[in-house]
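Asker: What follows is the file model_9.cif, containing mmCIF, C-alpha atoms:
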```
data_work
loop_
_atom_site.label_atom_id
_atom_site.label_comp_id
_atom_site.auth_asym_id
_atom_site.auth_seq_id
_atom_site.Cartn_x
_atom_site.Cartn_y
_atom_site.Cartn_z
CA MET A 1 115.31 117.84 61.26
CA ASN A 2 112.25 119.99 62.05
CA ARG A 3 108.70 118.82 62.68
CA THR A 4 107.41 119.67 59.20
CA SER A 5 110.15 117.50 57.71
CA LEU A 6 109.10 114.65 59.99
CA PHE A 7 105.50 114.95 58.86
CA LEU A 8 106.50 114.86 55.17
CA SER A 9 108.97 112.00 55.52
CA ALA A 10 106.45 109.86 57.37
CA GLY A 11 104.42 109.44 54.21
CA ILE A 12 101.16 109.51 56.15
CA LEU A 13 98.55 111.59 54.40
CA GLY A 14 97.05 113.09 57.53
CA LEU A 15 100.42 114.25 58.80
CA MET A 16 101.32 115.62 55.37
CA VAL A 17 98.19 117.71 55.43
CA LEU A 18 99.15 119.09 58.85
CA GLY A 19 102.58 119.95 57.55
CA VAL A 20 101.04 121.86 54.64
CA LEU A 21 98.74 123.69 57.01
CA PHE A 22 101.67 124.80 59.15
CA GLY A 23 103.56 125.89 56.05
CA MET A 24 100.60 128.04 54.99
CA GLY A 25 100.43 129.60 58.43
CA ILE A 26 97.01 128.08 59.14
CA GLN A 27 96.44 127.42 62.80
CA GLN A 28 94.40 124.48 64.05
CA LYS A 29 91.76 125.56 66.52
CA LYS A 30 92.16 124.14 70.01
CA GLU A 31 89.01 122.72 71.54
CA ASP A 32 88.31 121.67 75.10
CA PRO A 33 89.52 118.07 75.15
CA VAL A 34 86.96 115.30 75.46
CA PRO A 35 88.04 112.82 78.15
CA ASP A 36 89.86 109.93 76.47
CA GLU A 37 89.85 106.31 77.59
CA LYS A 38 92.82 106.77 79.95
CA LYS A 39 91.23 109.74 81.63
CA MET A 40 87.81 108.13 81.88
CA LYS A 41 89.35 105.26 83.87
CA LEU A 42 90.57 107.76 86.45
CA LEU A 43 87.21 109.47 86.97
CA LYS A 44 85.00 108.56 89.89
CA ASP A 45 81.33 107.61 89.54
CA LEU A 46 79.19 110.45 90.86
CA THR A 47 75.85 110.59 92.64
CA GLN A 48 73.02 112.56 91.06
CA GLU A 49 73.64 115.51 93.40
CA GLU A 50 77.37 115.42 92.66
CA LYS A 51 76.60 115.40 88.93
CA ARG A 52 74.30 118.39 89.35
CA VAL A 53 77.11 120.46 90.85
CA ILE A 54 80.25 119.01 89.27
CA LEU A 55 79.04 118.34 85.73
CA GLN A 56 76.08 120.70 85.40
CA ARG A 57 77.74 123.62 87.20
CA GLY A 58 75.25 123.80 90.04
CA THR A 59 75.70 125.16 93.57
CA GLU A 60 75.11 123.50 96.93
CA ARG A 61 73.12 125.39 99.55
CA PRO A 62 75.29 127.73 101.69
CA TYR A 63 76.31 126.65 105.21
CA THR A 64 75.44 123.02 104.45
CA GLY A 65 78.65 121.68 102.89
CA LYS A 66 80.79 119.07 104.61
CA TYR A 67 83.93 121.21 104.48
CA TYR A 68 82.50 124.65 105.24
CA GLN A 69 83.73 124.66 108.85
CA HIS A 70 86.33 121.92 108.35
CA ARG A 71 89.57 122.65 110.24
CA GLU A 72 91.71 119.51 109.85
CA GLU A 73 95.18 119.76 108.29
CA GLY A 74 95.62 118.11 104.92
CA THR A 75 94.84 118.41 101.23
CA TYR A 76 91.55 118.96 99.44
CA THR A 77 91.29 116.94 96.23
CA CYS A 78 88.98 116.90 93.23
CA LYS A 79 85.95 114.67 93.85
CA ARG A 80 85.91 113.56 90.20
CA CYS A 81 89.58 112.76 89.43
CA GLY A 82 91.28 112.75 92.84
CA LEU A 83 94.00 115.28 92.03
CA PRO A 84 95.02 117.81 94.72
CA LEU A 85 93.40 121.25 94.50
CA TYR A 86 93.89 123.14 97.78
CA ARG A 87 95.89 122.92 101.00
CA SER A 88 94.34 123.42 104.42
CA LYS A 89 96.84 126.19 105.22
CA ASP A 90 95.18 128.34 102.54
CA LYS A 91 91.63 127.82 103.85
CA PHE A 92 89.91 130.64 105.75
CA ASP A 93 86.45 131.54 107.03
CA SER A 94 85.00 134.21 104.74
CA GLY A 95 81.51 133.96 106.23
CA CYS A 96 80.05 133.29 102.78
CA GLY A 97 78.67 129.82 103.59
CA TRP A 98 81.07 127.84 101.38
CA PRO A 99 84.69 126.69 101.87
CA SER A 100 87.05 129.54 100.99
CA PHE A 101 90.72 129.47 99.99
CA ASP A 102 93.08 132.33 99.15
CA ASP A 103 95.45 130.18 97.09
CA GLU A 104 95.40 127.00 95.01
CA ILE A 105 97.96 124.29 94.35
CA PRO A 106 99.94 125.41 91.26
CA ALA A 107 98.42 124.30 87.95
CA ALA A 108 95.44 122.68 89.70
CA VAL A 109 92.66 125.15 88.92
CA LYS A 110 91.47 126.63 85.64
CA ARG A 111 89.72 130.01 85.43
CA THR A 112 87.05 130.69 82.80
CA PRO A 113 84.71 133.68 82.38
CA ASP A 114 81.27 132.64 83.60
CA PRO A 115 78.33 132.74 81.16
CA ASP A 116 76.71 135.35 83.43
CA GLY A 117 79.35 137.79 82.17
CA ILE A 118 80.27 138.84 85.71
CA ARG A 119 81.91 136.02 87.65
CA THR A 120 84.91 133.79 86.96
CA GLU A 121 84.28 130.05 87.14
CA ILE A 122 86.93 127.72 88.58
CA THR A 123 87.24 124.11 87.44
CA CYS A 124 89.70 121.27 87.95
CA SER A 125 92.38 121.83 85.32
CA TYR A 126 92.62 118.11 84.57
CA CYS A 127 89.07 116.75 84.45
CA GLY A 128 87.04 119.96 84.17
CA ALA A 129 84.97 119.37 87.31
CA HIS A 130 83.08 122.51 88.37
CA LEU A 131 84.41 123.78 91.70
CA GLY A 132 82.79 127.18 92.16
CA HIS A 133 83.94 130.75 91.50
CA VAL A 134 86.92 132.95 92.31
CA PHE A 135 86.69 136.56 93.50
CA ALA A 136 89.38 139.25 93.81
CA GLY A 137 89.59 142.58 95.56
CA GLU A 138 87.49 141.78 98.63
CA GLY A 139 90.30 142.46 101.09
CA LEU A 140 89.54 139.39 103.20
CA THR A 141 93.16 138.16 103.33
CA GLU A 142 96.56 139.54 102.38
CA LYS A 143 96.41 137.66 99.08
CA ASN A 144 93.09 139.40 98.32
CA ILE A 145 91.67 136.33 96.55
CA ARG A 146 88.77 134.07 97.49
CA HIS A 147 88.14 130.71 95.88
CA CYS A 148 84.52 129.94 96.78
CA VAL A 149 84.26 126.16 96.41
CA ASN A 150 81.42 123.68 96.76
CA SER A 151 82.20 121.06 99.41
CA ILE A 152 80.58 118.42 97.21
CA SER A 153 83.22 119.05 94.53
CA MET A 154 86.00 117.95 96.87
CA ASP A 155 87.37 115.08 98.95
CA PHE A 156 89.92 115.44 101.74
CA VAL A 157 93.18 113.62 102.51
CA PRO A 158 94.41 114.18 106.10
CA ALA A 159 98.01 115.27 106.63
CA GLY A 160 100.34 112.27 106.81
CA GLU A 161 98.20 110.07 104.55
CA PRO A 162 99.39 109.41 100.98
CA LEU A 163 97.64 110.97 98.03
CA ALA A 164 96.17 108.53 95.53
CA ARG A 165 96.96 110.89 92.63
CA ASN A 166 99.42 113.68 91.99
CA ARG A 167 100.91 115.60 89.07
CA ALA A 168 104.38 116.54 87.84
CA TYR A 169 105.60 118.77 85.00
CA PHE A 170 108.73 118.25 82.89
CA ALA A 171 110.09 120.08 79.83
CA GLY A 172 112.96 118.47 77.95
CA GLY A 173 112.78 119.34 74.26
CA CYS A 174 110.12 117.97 71.94
CA PHE A 175 107.24 116.84 74.15
CA TRP A 176 106.57 113.82 71.94
CA GLY A 177 109.70 112.04 73.18
CA VAL A 178 109.35 113.01 76.83
CA GLU A 179 105.73 111.85 76.77
CA TYR A 180 106.70 108.55 75.13
CA HIS A 181 109.19 107.53 77.83
CA LEU A 182 107.19 108.70 80.84
CA GLN A 183 104.02 106.97 79.62
CA LYS A 184 105.73 103.61 79.93
CA ARG A 185 106.70 104.02 83.60
CA GLU A 186 104.75 101.88 86.05
CA GLY A 187 102.56 104.02 88.27
CA VAL A 188 102.04 106.71 85.62
CA LEU A 189 98.31 107.01 84.97
CA ASP A 190 98.22 109.60 82.20
CA VAL A 191 100.56 111.97 80.35
CA ARG A 192 99.52 115.05 78.40
CA SER A 193 101.67 117.20 76.12
CA GLY A 194 101.25 120.93 76.43
CA TYR A 195 102.81 124.29 77.18
CA MET A 196 103.96 125.98 80.41
CA GLY A 197 106.22 128.78 81.57
CA GLY A 198 105.17 131.64 79.31
CA GLU A 199 102.94 134.68 79.42
CA VAL A 200 100.58 134.02 76.49
CA PRO A 201 97.33 132.38 77.67
CA ASP A 202 96.25 129.16 75.94
CA PRO A 203 98.83 129.36 73.13
CA SER A 204 98.75 127.33 69.94
CA TYR A 205 101.60 125.13 68.73
CA ARG A 206 102.34 127.67 66.02
CA GLN A 207 102.66 130.47 68.58
CA VAL A 208 104.93 128.45 70.88
CA SER A 209 107.06 127.34 67.92
CA SER A 210 107.78 131.00 67.14
CA GLY A 211 109.82 131.14 70.34
CA ASN A 212 108.11 134.39 71.36
CA THR A 213 105.64 133.18 74.02
CA GLY A 214 108.07 132.16 76.75
CA HIS A 215 106.44 128.74 76.97
CA ALA A 216 108.32 125.45 76.96
CA GLU A 217 106.98 122.27 75.43
CA THR A 218 105.97 120.48 78.63
CA VAL A 219 104.40 117.21 79.68
CA GLU A 220 101.94 116.83 82.53
CA VAL A 221 102.36 113.51 84.34
CA ILE A 222 99.46 112.15 86.40
CA TYR A 223 100.79 109.42 88.69
CA ASP A 224 100.03 107.27 91.71
CA PRO A 225 102.50 108.26 94.47
CA ARG A 226 101.86 104.92 96.17
CA THR A 227 103.34 103.12 93.17
CA VAL A 228 105.97 105.50 91.80
CA ARG A 229 107.81 108.23 93.66
CA TYR A 230 108.30 111.75 92.32
CA GLU A 231 112.04 111.15 92.69
CA ASP A 232 111.81 108.19 90.27
CA LEU A 233 109.97 110.29 87.68
CA ALA A 234 112.48 113.12 87.96
CA LYS A 235 115.40 110.70 87.59
CA LEU A 236 113.80 109.20 84.49
CA PHE A 237 113.31 112.70 83.07
CA PHE A 238 117.04 113.40 83.36
CA GLU A 239 117.93 110.02 81.87
CA ILE A 240 115.87 110.47 78.67
CA HIS A 241 117.18 113.84 77.47
CA ASP A 242 120.40 115.84 77.26
CA PHE A 243 120.09 118.29 80.15
CA SER A 244 123.49 119.82 79.30
CA GLN A 245 122.07 121.57 76.22
CA LEU A 246 120.84 125.14 76.59
CA ASN A 247 117.57 126.03 74.85
CA ARG A 248 117.68 123.06 72.51
CA GLN A 249 117.39 119.31 72.33
CA GLY A 250 119.23 117.75 69.43
CA PRO A 251 117.99 119.28 66.16
CA ASP A 252 115.20 121.23 67.90
CA VAL A 253 116.52 124.69 68.74
CA GLY A 254 114.84 127.48 70.68
CA GLU A 255 113.77 128.47 74.18
CA GLN A 256 110.60 126.40 73.77
CA TYR A 257 112.84 123.27 73.77
CA ARG A 258 114.63 124.14 77.02
CA SER A 259 115.17 121.72 79.89
CA GLU A 260 113.00 122.71 82.86
CA ILE A 261 111.20 121.17 85.82
CA PHE A 262 108.06 122.94 87.00
CA THR A 263 107.28 122.06 90.62
CA THR A 264 103.94 122.15 92.45
CA ASP A 265 105.20 122.15 96.04
CA ASP A 266 108.27 122.51 98.25
CA ARG A 267 108.86 118.77 98.33
CA GLN A 268 109.13 118.55 94.53
CA GLN A 269 111.34 121.64 94.49
CA GLN A 270 113.72 120.21 97.09
CA MET A 271 113.89 116.80 95.42
CA ALA A 272 114.57 118.24 91.96
CA ARG A 273 117.26 120.54 93.39
CA ARG A 274 118.90 117.61 95.16
CA LEU A 275 119.04 115.60 91.92
CA ILE A 276 120.54 118.55 90.03
CA GLU A 277 123.24 118.91 92.69
CA GLN A 278 123.90 115.17 92.51
CA LEU A 279 124.40 115.40 88.74
CA LYS A 280 126.76 118.33 89.15
CA ASP A 281 128.73 116.34 91.70
CA GLN A 282 129.00 113.57 89.07
CA GLY A 283 130.59 116.11 86.70
CA TYR A 284 127.61 117.02 84.51
CA ASP A 285 126.98 120.54 83.24
CA VAL A 286 123.29 120.88 84.10
CA LYS A 287 121.29 123.52 82.23
CA THR A 288 117.91 122.43 83.61
CA ARG A 289 115.86 125.24 85.11
CA LEU A 290 113.83 124.76 88.29
CA THR A 291 110.64 126.84 88.41
CA PRO A 292 107.34 126.85 90.32
CA ALA A 293 104.55 125.54 88.10
CA GLY A 294 102.14 127.94 86.45
CA PRO A 295 99.13 127.35 84.20
CA PHE A 296 99.41 124.28 81.99
CA TYR A 297 97.84 124.49 78.54
CA PRO A 298 97.24 121.12 76.82
CA ALA A 299 98.51 120.97 73.26
CA GLU A 300 96.35 120.25 70.23
CA ASP A 301 94.92 116.74 70.02
CA TYR A 302 97.26 115.53 67.26
CA HIS A 303 100.21 116.04 69.63
CA GLN A 304 98.80 113.71 72.28
CA ASP A 305 100.14 110.10 72.37
CA TYR A 306 102.06 110.97 69.22
CA TYR A 307 104.42 107.99 68.99
CA PHE A 308 101.78 105.51 70.10
CA LYS A 309 99.55 106.70 67.26
CA LYS A 310 102.31 107.02 64.67
CA GLY A 311 104.50 104.10 65.67
CA GLY A 312 108.26 104.19 65.93
CA ALA A 313 110.38 105.74 68.66
CA PRO A 314 111.57 109.26 69.55
CA TYR A 315 114.31 110.66 67.32
CA CYS A 316 116.06 112.73 70.01
CA HIS A 317 115.12 111.07 73.31
CA ARG A 318 116.83 107.85 74.31
CA TYR A 319 117.18 106.28 77.72
CA ARG A 320 120.61 106.02 79.31
CA LYS A 321 121.31 105.23 82.93
CA ILE A 322 122.91 108.14 84.77
CA PHE A 323 122.07 107.88 88.45
CA LYS A 324 124.12 105.44 90.48
#
```
What would you get if you wrote out this structure as structure tokens?
Answerer:
Amino acid sequence: MNRTSLFLSAGILGLMVLGVLFGMGIQQKKEDPVPDEKKMKLLKDLTQEEKRVILQRGTERPYTGKYYQHREEGTYTCKRCGLPLYRSKDKFDSGCGWPSFDDEIPAAVKRTPDPDGIRTEITCSYCGAHLGHVFAGEGLTEKNIRHCVNSISMDFVPAGEPLARNRAYFAGGCFWGVEYHLQKREGVLDVRSGYMGGEVPDPSYRQVSSGNTGHAETVEVIYDPRTVRYEDLAKLFFEIHDFSQLNRQGPDVGEQYRSEIFTTDDRQQQMARRLIEQLKDQGYDVKTRLTPAGPFYPAEDYHQDYYFKKGGAPYCHRYRKIFK
């Protein structure tokens, strides 16, 4: 059963209209998402100066920021939503007067052409907080990239202290079902359906459904590591889909429905690999790919919280206990 058939069989007028639109080849325009109630609960109250920089895309005075000459080991997080952005190992002194980094945590930062037509703005990929600008080709480090970030846009978590927020990315067939099960896990703060793993920037559902973009239907999981471990989320991911199927999940067939874990750091990579080896030792034929995370593109709004809006339960994702 394909998605259009699901829309028609549901008998809900709005979904029928969407099915007709897909059949006609009409593509719904994707807009920048407005923070929903779940996301708003995660966002920190800001001072007036923080609002000026973070929300109104301002700039703090050079050489004055708290983290300009900061040397401590740890993780720099978004001031507005608390998600990790940069690691101290990627920080360097560019002499520009603002904190500089030559790499970001995978999937943490979004790049957008600046209205001035010259620069590229960088924002938090989750909450949209303005961070600063990114520059290439300056030859300051081997990576030849400089993220010029306002100190006021960030907080800092010293090495050895737990993060209050983190993210994980899982692809296991139709993102509606994966989203449904992960949303119910204690410690999960938000889940967004979207696309990852391909080459086409900001693709539409129609493009991904063609199977020609390289993207997989993927969910982004925002969670509290103090309440739920990454290992627990990864185990749940394996227990809600058939990871032995190659490029499909039940009736949904195509590379966009593949089983894949996109990791944001070495720890996630090692944990996911260990679980895959454990499953193989238990006799399972595991087809799940393990890949460093890349840009995550949220899906159209009607895909978000699909089963909670529609009612019912996933048609090809069911929980079964696998791990001993």
Asker: Selected by the PyMOL selection byres ((chain A and resi 211-226) around 6) in the shown coordinates: which residues, as a compact mmCIF listing (two decimals) with C-alpha atoms, in the coordinates of the input?
Answerer:
```txt
# COMPACT_ATOMS: atom_id res chain seq x y z
CA ALA A 164 96.17 108.53 95.53
CA ARG A 165 96.96 110.89 92.63
CA ASN A 166 99.42 113.68 91.99
CA ARG A 167 100.91 115.60 89.07
CA ALA A 168 104.38 116.54 87.84
CA TYR A 169 105.60 118.77 85.00
CA PHE A 170 108.73 118.25 82.89
CA ALA A 171 110.09 120.08 79.83
CA PHE A 175 107.24 116.84 74.15
CA GLY A 187 102.56 104.02 88.27
CA VAL A 188 102.04 106.71 85.62
CA LEU A 189 98.31 107.01 84.97
CA ASP A 190 98.22 109.60 82.20
CA VAL A 191 100.56 111.97 80.35
CA ARG A 192 99.52 115.05 78.40
CA SER A 193 101.67 117.20 76.12
CA GLY A 194 101.25 120.93 76.43
CA TYR A 195 102.81 124.29 77.18
CA MET A 196 103.96 125.98 80.41
CA GLY A 197 106.22 128.78 81.57
CA GLY A 198 105.17 131.64 79.31
CA VAL A 200 100.58 134.02 76.49
CA VAL A 208 104.93 128.45 70.88
CA SER A 209 107.06 127.34 67.92
CA SER A 210 107.78 131.00 67.14
CA THR A 227 103.34 103.12 93.17
CA VAL A 228 105.97 105.50 91.80
CA ARG A 229 107.81 108.23 93.66
CA GLN A 256 110.60 126.40 73.77
CA TYR A 257 112.84 123.27 73.77
```
Asker: Evaluated on this file, the PyMOL selection byres ((chain A and resi 83) around 9) picks out some residues - which ones are they, written as a list in words?
Answerer: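 Matching residues under the PyMOL selection byres ((chain A and resi 83) around 9) are Tyr76, Thr77, Cys78, Lys79, Arg80, Cys81, Gly82, Pro84, Leu85, Ala108, Cys124, Tyr126, Leu163, Ala164, Arg165, Asn166, Arg167 and Ile222 of chain A.
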Asker: Would you export the selected residues with C-alpha atoms as a PDB file, keeping the file's coordinate frame, please?
Answerer:
```
ATOM      1  CA  TYR A  76      91.550 118.960  99.440  1.00  0.00           C
ATOM      2  CA  THR A  77      91.290 116.940  96.230  1.00  0.00           C
ATOM      3  CA  CYS A  78      88.980 116.900  93.230  1.00  0.00           C
ATOM      4  CA  LYS A  79      85.950 114.670  93.850  1.00  0.00           C
ATOM      5  CA  ARG A  80      85.910 113.560  90.200  1.00  0.00           C
ATOM      6  CA  CYS A  81      89.580 112.760  89.430  1.00  0.00           C
ATOM      7  CA  GLY A  82      91.280 112.750  92.840  1.00  0.00           C
ATOM      8  CA  PRO A  84      95.020 117.810  94.720  1.00  0.00           C
ATOM      9  CA  LEU A  85      93.400 121.250  94.500  1.00  0.00           C
ATOM     10  CA  ALA A 108      95.440 122.680  89.700  1.00  0.00           C
ATOM     11  CA  CYS A 124      89.700 121.270  87.950  1.00  0.00           C
ATOM     12  CA  TYR A 126      92.620 118.110  84.570  1.00  0.00           C
ATOM     13  CA  LEU A 163      97.640 110.970  98.030  1.00  0.00           C
ATOM     14  CA  ALA A 164      96.170 108.530  95.530  1.00  0.00           C
ATOM     15  CA  ARG A 165      96.960 110.890  92.630  1.00  0.00           C
ATOM     16  CA  ASN A 166      99.420 113.680  91.990  1.00  0.00           C
ATOM     17  CA  ARG A 167     100.910 115.600  89.070  1.00  0.00           C
ATOM     18  CA  ILE A 222      99.460 112.150  86.400  1.00  0.00           C
TER      19      ILE A 222
END
```
Asker: Please list as a PyMOL selection string every residue within 6 Å of Ala293 (chain A), counting all atoms listed in the file and excluding residues in the same chain fewer than 5 positions away.
Answerer: chain A and resi 106+262-264
Asker: Within 8 Å of (86.3, 130.8, 100.8) in the file's own coordinates, which protein, DNA or RNA residues have an atom, counting only C-alpha atoms? List them as a PyMOL selection string.
Answerer: chain A and resi 91-96+98-102+146-149
Asker: Using the chain letters and numbering of this document, enumerate as a list in words the residues selected by the PyMOL selection byres ((chain A and resi 306) around 12).
Answerer: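 When the PyMOL selection byres ((chain A and resi 306) around 12) is applied, the selected residues are Phe7, Leu15, Cys174, Phe175, Trp176, Gly177, Val178, Glu179, Tyr180, His181, Gln183, Val191, Arg192, Ser193, Ala299, Glu300, Asp301, Tyr302, His303, Gln304, Asp305, Tyr307, Phe308, Lys309, Lys310, Gly311, Gly312, Ala313 and Pro314 of chain A.
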Asker: Point out the residue among A:Gln269, A:Ser204, A:Gln249, A:Thr120 with the least atom-to-atom distance to Arg318 (chain A), counting only C-alpha atoms.
Answerer: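 Nearest candidate to Arg318 (chain A) out of A:Gln269, A:Ser204, A:Gln249, A:Thr120: A:Gln249.
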Asker: Take CA of Lys324 (chain A) and CA of Gln282 (chain A) and report the distance between them in Å, one decimal.
Answerer: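 These two atoms are separated by 9.6 Å.
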